[in-house]
Structure formats: C-alpha cells, structure tokens
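Asker: Sharing a structure below in structure tokens format, with a few things to ask.
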Amino acid sequence: MDKRVLWKLSYGLYAIGVSDQGRACGCIVNTVMQVTSDSPAVTVCLNKNNYTTQLLQKTGVFTVSILSEKTNPETIGALGFASGRDTHKFMDVPFRLVEGLPVVEDAVCGGMLCRVTSITDVGTHLLFVGKVVDAFAGETDAPPMTYEYYHKVVKGSAPKNAPTYRGQEEQTAPSEEPVYVCGVCGYEHQGELPEDFKCPICRQPREVFRKK
Ligand SMILES: Cc1cc2nc3c(=O)[nH]c(=O)nc-3n(C[C@H](O)[C@H](O)[C@H](O)COP(=O)(O)O)c2cc1C
C-alpha cells in the first residue's frame with residue numbers, strides 16, 4: 001500500500017471546545033467534516049487518550065471554532081500539544097463562552113455548537129457525530145486554514161494523536177541547511193537557531209530543539 005496517497009486528502013484546522021465542570025478545555029483537530037445538510041451534522045475524530053475525548057463522552061456537547069490563515073500559530077501550539085489534564089490550555093488563548101463552552105476568538109472564520117448524536121469506536125479514536133444546534137460567523141474574512149497551509153506555510157506539525165499523523169521523517173523535504181526540530185511540537189526550523197530563538201508554535205526556548 002502506498003500510504004502517501006492518503007496525504008492527498010484535504011482537511012481544515014479547528015479547535016474543539018468542551019467543558020470540564022465549567023473550565024474551558026478542548027484541543028486542535030483537522031478531522032471535522034459536515035456529513036448532512038437538512039438537519040446539519042458534523043463528525044469529529046478524537047483520540048481515546050485525549051482529555052477532550054473523555055470530557056465529550058461525559059458531557060455530549062462541543063463547539064467547533066474554524067481557524068483561519070490569520071489565527072495565531074500559538075493558539076494551535078497551546079491547544080494542540082499539551083493536555084488539559086495537566087494545564088489550563090485556554091489561559092493565553094482569547095475565547096468567549098457559548099452555553100458554557102469555549103469558542104476561540106483569534107481570527108476565526110466561525111463557530112458552531114454541536115450536540116453528540118452518536119459515537120463510533122474506530123480503534124485508536126472515537127468518531128463523534130454532532131448535530132449542529134447553533135452556528136455563528138467569526139471575526140475575519142481570511143480564508144479558513146487548511147491542514148496543508150498549516151504544514152507548508154506555518155511549518156507546523158501534528159502530534160501522534162492526530163489521526164493523520166505521518167511521522168517526523170516524512171514531514172519535510174531534504175535540505176542543504178541544518179534543520180532543527182522542536183522537541184515539544186515538532187516545528188522544524190531551517191538554518192542555525194538565533195540565541196533568543198523561541199518556537200513560533202509552542203513558545204519553547206531553543207534548548208528544546210534538536211538537530212535533525
Ligand atoms: C494540526 C493538528 C491536528 C490535530 N488533529 C487531531 C485530530 O483530528 N484528532 C485528535 O484526536 N487529535 C488531533 N490533534 C492532537 C490533539 O490536539 C492533541 O493531542 C491535544 O494535546 C489533546 O489535548 P487534550 O488531552 O487536552 O484533549 C491534532 C493536533 C494538531 C497540532
């Protein structure tokens with residue numbers, strides 16, 4: 001099987017919002033898809049180890065924030081690599097509450113409030129179907145961020161929990177210059193690292209970078 005064929009599938013980038021007894025929680029996903037239109041429904045595929053998954057199984061309600069090309073990469077860094085079990089991930093992420101659930105307010109294209117109608121076990125992940133009960137326009141006209149844009153322009157990567165994870169070695173083309181990889185989020189920097197360098201995705205210092 002040529003797994004690279006799967007890389008031709010396209011995705012957007014989203015923040016899923018859930019509530020942990022009133023505390024804002026959630027994570028970054030690329031696996032939101034609209035599946036019906038008459039009574040609109042979406043799916044989202046979440047790793048069983050994610051805290052977001054655990055909370056969503058319990059509460060049955062979630063928000064989707066549609067990230068745009070103008071969304072700060074640090075928002076993706078804050079929500080896409082650490083777990084809400086250990087940290088308050090929304091601490092530095094601008095958001096508002098909709099029915100007690102966080103919706104990101106960082107140049108998003110729009111948001112939705114969804115109620116879970118079914119959950120399918122797909123092995124490492126659970127596939128949630130959510131009925132869209134409300135939808136609201138965002139604050140930007142910028143195009144929605146695609147997974148490809150995130151990889152190619154923002155130069156971000158995805159952790160192992162992402163269903164479309166490819167493995168570090170497969171994410172970038174070979175280059176003449178040295179490449180340094182962030183030990184936390186996998187961001188790759190081409191060329192030597194300046195003294196005061198910080199990861200543009202997750203804000204980690206240069207010390208956490210290793211040469212590829
Ligand atoms: C670009 C990107 C895409 C991701 N897509 C998914 C996804 O579709 N499903 C998923 O379960 N995790 C995905 N993740 C990983 C979760 O965001 C990550 O594991 C997060 O730390 C989970 O946090 P939690 O434990 O607070 O739920 C993605 C991360 C990134 C950066």
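Chain identifiers are assigned as A, B, and so on, following the order in which chains appear in the structure tokens; residues are numbered from 1 within each chain, and ligands are numbered from 1 in order of appearance.
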Please check which protein, DNA or RNA residues sit within 9 Å of ligand 1, counting only C-alpha atoms and all ligand atoms, and write them as a ChimeraX atom specification.
Answerer: /A:13-16,25-32,44-55,76-89,125-126,147,150-151,156-165,185
Asker: List every residue of segment 98-196 of chain A that DSSP, applied to the backbone of this structure, assigns to helix (DSSP H, G or I), and report them as a ChimeraX atom specification.
Answerer: /A:147-154,168-170
Asker: Within 12 Å of Gly110 of chain A, counting only C-alpha atoms, which residues show up once you throw out same-chain ones fewer than 6 positions away? Write them as a ChimeraX atom specification, please.
Answerer: /A:13-15,63-68,71,103-104,134-145
Asker: Quick one: everything within 7 Å of Glu105 of chain A, counting only C-alpha atoms, minus sequence neighbours fewer than 2 positions away in the same chain. Send it as a list in words.
Answerer: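 Everything that qualifies: Pro94, Phe95, Arg96, Val103, Ala107 and Val108 of chain A.
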Asker: Go ahead and save the residues from that selection, with N, CA, C and O atoms, as a compact mmCIF listing (two decimals), in the first residue's frame.
Answerer:
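Saved the output as part02.txt:
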```txt
# COMPACT_ATOMS: atom_id res chain seq x y z
N PRO A 94 -7.45 33.70 23.38
CA PRO A 94 -8.67 34.50 23.50
C PRO A 94 -9.91 33.67 23.15
O PRO A 94 -9.92 32.99 22.12
N PHE A 95 -10.92 33.72 24.00
CA PHE A 95 -12.14 32.94 23.72
C PHE A 95 -13.33 33.58 24.44
O PHE A 95 -13.17 34.40 25.33
N ARG A 96 -14.54 33.18 24.00
CA ARG A 96 -15.74 33.54 24.74
C ARG A 96 -16.49 32.25 25.03
O ARG A 96 -16.19 31.20 24.43
N VAL A 103 -15.39 29.18 22.67
CA VAL A 103 -15.24 29.38 21.23
C VAL A 103 -14.06 30.34 21.07
O VAL A 103 -14.03 31.40 21.71
N ALA A 107 -9.15 35.47 15.29
CA ALA A 107 -9.28 35.47 13.84
C ALA A 107 -9.87 34.16 13.32
O ALA A 107 -9.30 33.52 12.43
N VAL A 108 -11.00 33.74 13.90
CA VAL A 108 -11.63 32.51 13.40
C VAL A 108 -12.68 32.85 12.34
O VAL A 108 -13.23 33.95 12.31
```
Asker: As a ChimeraX atom specification, please: every residue in segment 39-75 of chain A that DSSP puts in strand (DSSP E or B).
Answerer: /A:41-47,61-68
Asker: Which one of A:Asp20, A:Glu74, A:Glu176, A:Asp106 sits closest to Lys198 of chain A if you count only C-alpha atoms?
Answerer: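 Checking each candidate against Lys198 of chain A, we get A:Glu74 as the closest.
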